[in-house]
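Remarks on the structure that follows.
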Amino acid sequence: MDVMCKPRSVLKFMGGVVIKTLSFVVFSVLDLVDFILCFAYKVADFCIEAEWRPCYRYPTKEAITSSGGNKILVSEQGESKIVSLNSSKLQLQDISDTLYSRPSLVTEVSKLTVDGLKKLKLDGTTTKTCKKIKKRSARSTFTVNSIVVETLQGKMVGHIPTWSDCDCKFCNSWTSSSKDTLFVNAQGPKDNKAREDVIFIHGFISSSAFWTETLFPNFSSTAKSTYRFLAVDLLGFGRSPKPADSLYTLSEHVDMIEKSVLEDYKVKSFHIVAHSLGCILALAIAVKHPGSVKSLTLLTPPYYPVPKGEATTQYVMRKLAPRRVWPVMAFCASLACWYEHISRTICLVICKNHRLWEFLTKLVTRNRVRTYLMEGFFCHTHNAAWHTLHNIICGTATKLDRYLDVVRNRLDCNITIFHGEDDQVIPVKCSYDVQRKIPRARVKVAENKDHITIVVGRQKTFARELEEIWNTSSTSN
């Protein structure tokens with residue numbers, strides 16, 4: 001037995017070495033490509049739109065919190081200016097530093113090597129450094145990027161998509177509406193005859209169709225007459241508004257859901273069903289409305305407990321996007337998370353031309369494949385996807401532990417977590433880590449299912465499971 005295991009372990013080790021070496025080469029090249037694309041897009045933006053569009057390769061700025069608490073002093077190369085923050089604008093703590101602090105792979109490896117050497121040589125300098133820091137001003141310092149400052153100041157054009165975004169009627173239907181609210185697909189009894197409401201929140205680069213095309217048709221007639229189903233397109237996705245002046249922070253997403261669903265539909269108490277990134281928004285809503293939540297169902301929640309001493313946002317980004325060429329989903333996540341301009345190019349090729357890709361798919365499959373998943377994947381802007389990914393998944397790393405504590409201590413509702421056994425986007429361990437924070441939460445792992453097929457392909461079974469959760473919650477409440 002030991003003789004058989006040894007060759008396997010050697011092959012596994014060699015395979016790991018090959019993947020790491022290949023990953024280093026590939027992502028070093030991608031670092032260079034993204035750098036070149038940065039200048040290419042600046043030229044293209046200026047030629048097509050007659051303006052330079054800011055990006056996160058701009059030099060970072062040091063911002064010092066003013067004594068008033070509602071302003072920041074921004075200084076760079078001897079220049080200083082005040083940026084005011086009022087109640088209608090987002091707060092800086094909502095902005096993830098992963099937006100503008102993403103060192104290239106070569107830089108990161110070099111820094112780790114240099115830091116390792118310095119540790120060996122400068123072991124006794126820590127005390128002196130700490131003393132010097134204490135002598136400095138007590139004002140808190142943090143880093144803010146130029147694009148963040150310009151957006152706060154309202155310099156970016158609010159409702160005009162860039163030339164690289166799709167300009168079709170479907171993607172921009174929100175511009176013709178006088179209401180500044182999200183698109184909500186509401187189904188169920190009319191005339192306020194529904195006894196309970198269920199809010200569905202989709203995940204990253206998806207839409208309400210993820211629910212309406214899978215679960216809604218498979219709910220029983222009893223469920224359809226009992227519950228009002230409210231599936232929302234998140235800000236920046238599907239048929240919802242995609243403002244260019246938004247940084248798509250947690251507070252913006254939550255505020256829009258409250259305004260578009262809870263207020264517009266006069267929802268008092270509700271069940272929540274959320275997938276992937278939507279789980280973070282679901283937790284944030286549950287924390288704000290602990291007495292209103294009747295049940296909380298989370299599918300593949302992206303929760304990564306951060307070890308002590310680690311930079312929270314950076315740690316989560318590296319767990320989510322490890323800059324590896326294998327498995328494929330890790331490679332795709334790394335492209336989306338680390339490379340602003342490569343991901344913009346992907347949006348330009350795929351999202352702007354989504355009608356062509358949908359036509360080709362129907363042509364090749366002879367119209368036998370429904371394209372609702374493609375709708376969710378294609379219908380967003382790069383600005384929305386880029387900021388939502390960083391500000392929600394990475395930027396909330398410091399808040400999730402507190403949210404889970406509040407849910408554990410203040411919510412009396414049933415909490416159920418579903419996860420696909422073969423999920424390569426978010427590992428099953430994330431769901432069990434949530435359960436460790438909330439021991440009463442039930443974790444159900446679906447065999448041979450991944451990030452998408454946890455719902456798609458088993459929608460009838462999942463619809464029955466949800467109905468059982470809601471019935472049990474209604475009975476216990």
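Lettering and numbering for the structure tokens are positional, with chains as A, B, ... in the shown order, residues counted from 1 in each chain, and ligands counted from 1 in the shown order.
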
Surrounding residues of Ser208 (chain A) excluding itself and chain neighbours under 4 positions, 10 Å, only C-alpha atoms, as JSON, numbers by chain:
{"A": [183, 184, 185, 200, 201, 202, 203, 212, 213, 230, 231, 232, 233, 234, 237, 238, 239, 372, 373, 375, 376]}

Export of the given selection (C-alpha atoms) as a compact mmCIF listing (two decimals), in the first residue's frame:
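Written file, again-v4.txt:
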# COMPACT_ATOMS: atom_id res chain seq x y z
CA PHE A 183 -36.00 46.14 -11.21
CA VAL A 184 -38.10 43.70 -9.16
CA ASN A 185 -39.85 40.67 -10.62
CA PHE A 200 -34.64 36.55 -3.59
CA ILE A 201 -31.15 38.06 -3.98
CA HIS A 202 -28.92 36.79 -6.79
CA GLY A 203 -25.14 36.51 -6.79
CA THR A 212 -37.61 33.40 -11.89
CA GLU A 213 -36.62 30.94 -14.61
CA LEU A 230 -39.86 39.29 -4.99
CA ALA A 231 -36.73 38.68 -7.10
CA VAL A 232 -34.54 41.74 -7.46
CA ASP A 233 -31.89 42.73 -10.00
CA LEU A 234 -29.06 44.22 -7.94
CA PHE A 237 -27.03 44.21 -13.02
CA GLY A 238 -29.84 42.97 -15.26
CA ARG A 239 -32.52 45.61 -15.84
CA TYR A 372 -31.53 33.20 -19.05
CA LEU A 373 -28.18 32.46 -17.41
CA GLU A 375 -28.74 37.29 -19.62
CA GLY A 376 -27.49 37.51 -16.05

Backbone-only DSSP, alpha helix (DSSP H) members of region 304-460 of chain A, as a PyMOL selection string:
chain A and resi 312-320+328-338+340-346+354-364+372-378+382-388+400-410+429-437+459-460

What is the distance, in Å and to one decimal place, between CA of Leu404 (chain A) and CA of Ile438 (chain A)?
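Computing the Euclidean distance for CA of Leu404 (chain A) and CA of Ile438 (chain A) yields 6.9 Å.
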
When distances are computed from only C-alpha atoms, which of A:Pro439, A:Pro103, A:Pro54, A:Gly188 shows the smallest separation from Leu32 (chain A)?
A:Pro103

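Surrounding region 388-402 of chain A within 6 Å are A:Ile95, A:Ser96, A:Tyr248, A:Thr249, A:Leu250, A:Thr312, A:Thr313, A:Val316, A:Met317, A:Ala384, with only C-alpha atoms counted and residues fewer than 4 positions along the same chain left out.
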
Write out as a list in words all residues of region 214-318 of chain A that DSSP puts in strand (DSSP E or B) for this structure's backbone.
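Put together, the selection reads Tyr227, Arg228, Phe229, Leu230, Ala231, Val232, Phe237, Phe270, His271, Ile272, Val273, Ala274, His275, Val293, Lys294, Ser295, Leu296, Thr297, Leu298 and Leu299 of chain A.
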
Nearby residues (only C-alpha atoms) at most 10 Å from Pro322 (chain A), same-chain spacing under 5 positions excluded, as number ranges by chain
A: 23, 315-317, 330-331, 333-334, 337-338

Selection above as a file: N, CA and C atoms, as a PDB file, in the first residue's frame:
ATOM      1  N   SER A  23       1.629  29.258 -13.302  1.00  0.00           N
ATOM      2  CA  SER A  23       0.839  30.393 -12.796  1.00  0.00           C
ATOM      3  C   SER A  23       1.693  31.642 -12.689  1.00  0.00           C
ATOM      4  N   TYR A 315      -6.526  39.490   2.399  1.00  0.00           N
ATOM      5  CA  TYR A 315      -6.592  38.050   2.656  1.00  0.00           C
ATOM      6  C   TYR A 315      -7.761  37.425   1.899  1.00  0.00           C
ATOM      7  N   VAL A 316      -8.928  38.073   1.971  1.00  0.00           N
ATOM      8  CA  VAL A 316     -10.109  37.546   1.286  1.00  0.00           C
ATOM      9  C   VAL A 316      -9.907  37.551  -0.221  1.00  0.00           C
ATOM     10  N   MET A 317      -9.295  38.612  -0.750  1.00  0.00           N
ATOM     11  CA  MET A 317      -9.055  38.672  -2.191  1.00  0.00           C
ATOM     12  C   MET A 317      -8.168  37.519  -2.651  1.00  0.00           C
ATOM     13  N   ALA A 330     -10.682  29.175 -10.561  1.00  0.00           N
ATOM     14  CA  ALA A 330      -9.727  30.015  -9.830  1.00  0.00           C
ATOM     15  C   ALA A 330      -9.053  30.986 -10.786  1.00  0.00           C
ATOM     16  N   PHE A 331      -8.775  30.523 -11.989  1.00  0.00           N
ATOM     17  CA  PHE A 331      -8.171  31.387 -13.010  1.00  0.00           C
ATOM     18  C   PHE A 331      -9.136  32.497 -13.417  1.00  0.00           C
ATOM     19  N   ALA A 333     -11.690  33.694 -11.673  1.00  0.00           N
ATOM     20  CA  ALA A 333     -11.858  34.613 -10.541  1.00  0.00           C
ATOM     21  C   ALA A 333     -10.661  35.557 -10.426  1.00  0.00           C
ATOM     22  N   SER A 334      -9.479  35.046 -10.708  1.00  0.00           N
ATOM     23  CA  SER A 334      -8.265  35.871 -10.628  1.00  0.00           C
ATOM     24  C   SER A 334      -8.262  36.944 -11.704  1.00  0.00           C
ATOM     25  N   CYS A 337     -10.743  39.649 -10.585  1.00  0.00           N
ATOM     26  CA  CYS A 337     -10.437  40.353  -9.338  1.00  0.00           C
ATOM     27  C   CYS A 337      -9.150  41.178  -9.395  1.00  0.00           C
ATOM     28  N   TRP A 338      -8.148  40.696 -10.121  1.00  0.00           N
ATOM     29  CA  TRP A 338      -6.834  41.333 -10.088  1.00  0.00           C
ATOM     30  C   TRP A 338      -6.592  42.316 -11.224  1.00  0.00           C
TER      31      TRP A 338
END

Skip Asn353 (chain A) itself and residues of its chain fewer than 6 positions away, then list as JSON, numbers by chain all residues within 12 Å of it, counting only C-alpha atoms.
{"A": [164, 165, 166, 167, 168, 171, 345, 346, 347, 359, 360, 374, 375, 378, 379, 380]}

Quick one: residues within 10 Å of Cys430 (chain A), only C-alpha atoms counted, chain neighbours fewer than 5 positions away excluded, as a compact mmCIF listing (two decimals) with N, CA, C and O atoms, in the first residue's frame?
# COMPACT_ATOMS: atom_id res chain seq x y z
N THR A 300 -24.17 28.94 -0.82
CA THR A 300 -22.73 29.16 -1.02
C THR A 300 -22.26 30.53 -0.52
O THR A 300 -21.78 31.35 -1.29
N PRO A 301 -22.39 30.81 0.77
CA PRO A 301 -21.97 32.12 1.30
C PRO A 301 -20.45 32.29 1.24
O PRO A 301 -19.71 31.40 1.68
N PRO A 302 -19.94 33.41 0.72
CA PRO A 302 -18.50 33.63 0.61
C PRO A 302 -17.89 34.18 1.90
O PRO A 302 -17.50 35.35 1.98
N TYR A 303 -17.83 33.34 2.92
CA TYR A 303 -17.30 33.78 4.21
C TYR A 303 -15.93 33.14 4.45
O TYR A 303 -15.82 31.91 4.53
N TYR A 304 -14.92 34.00 4.57
CA TYR A 304 -13.55 33.54 4.80
C TYR A 304 -13.05 34.12 6.13
O TYR A 304 -12.71 35.30 6.19
N PRO A 305 -13.02 33.32 7.19
CA PRO A 305 -12.50 33.84 8.46
C PRO A 305 -11.05 34.28 8.29
O PRO A 305 -10.23 33.54 7.73
N HIS A 419 -24.91 24.18 -0.06
CA HIS A 419 -23.64 24.31 -0.77
C HIS A 419 -23.44 23.10 -1.68
O HIS A 419 -23.78 21.98 -1.31
N GLN A 435 -21.45 28.11 9.92
CA GLN A 435 -22.10 27.30 10.95
C GLN A 435 -21.35 27.37 12.29
O GLN A 435 -21.97 27.34 13.36
N ARG A 436 -20.03 27.48 12.23
CA ARG A 436 -19.26 27.62 13.48
C ARG A 436 -19.61 28.92 14.18
O ARG A 436 -19.60 28.99 15.41
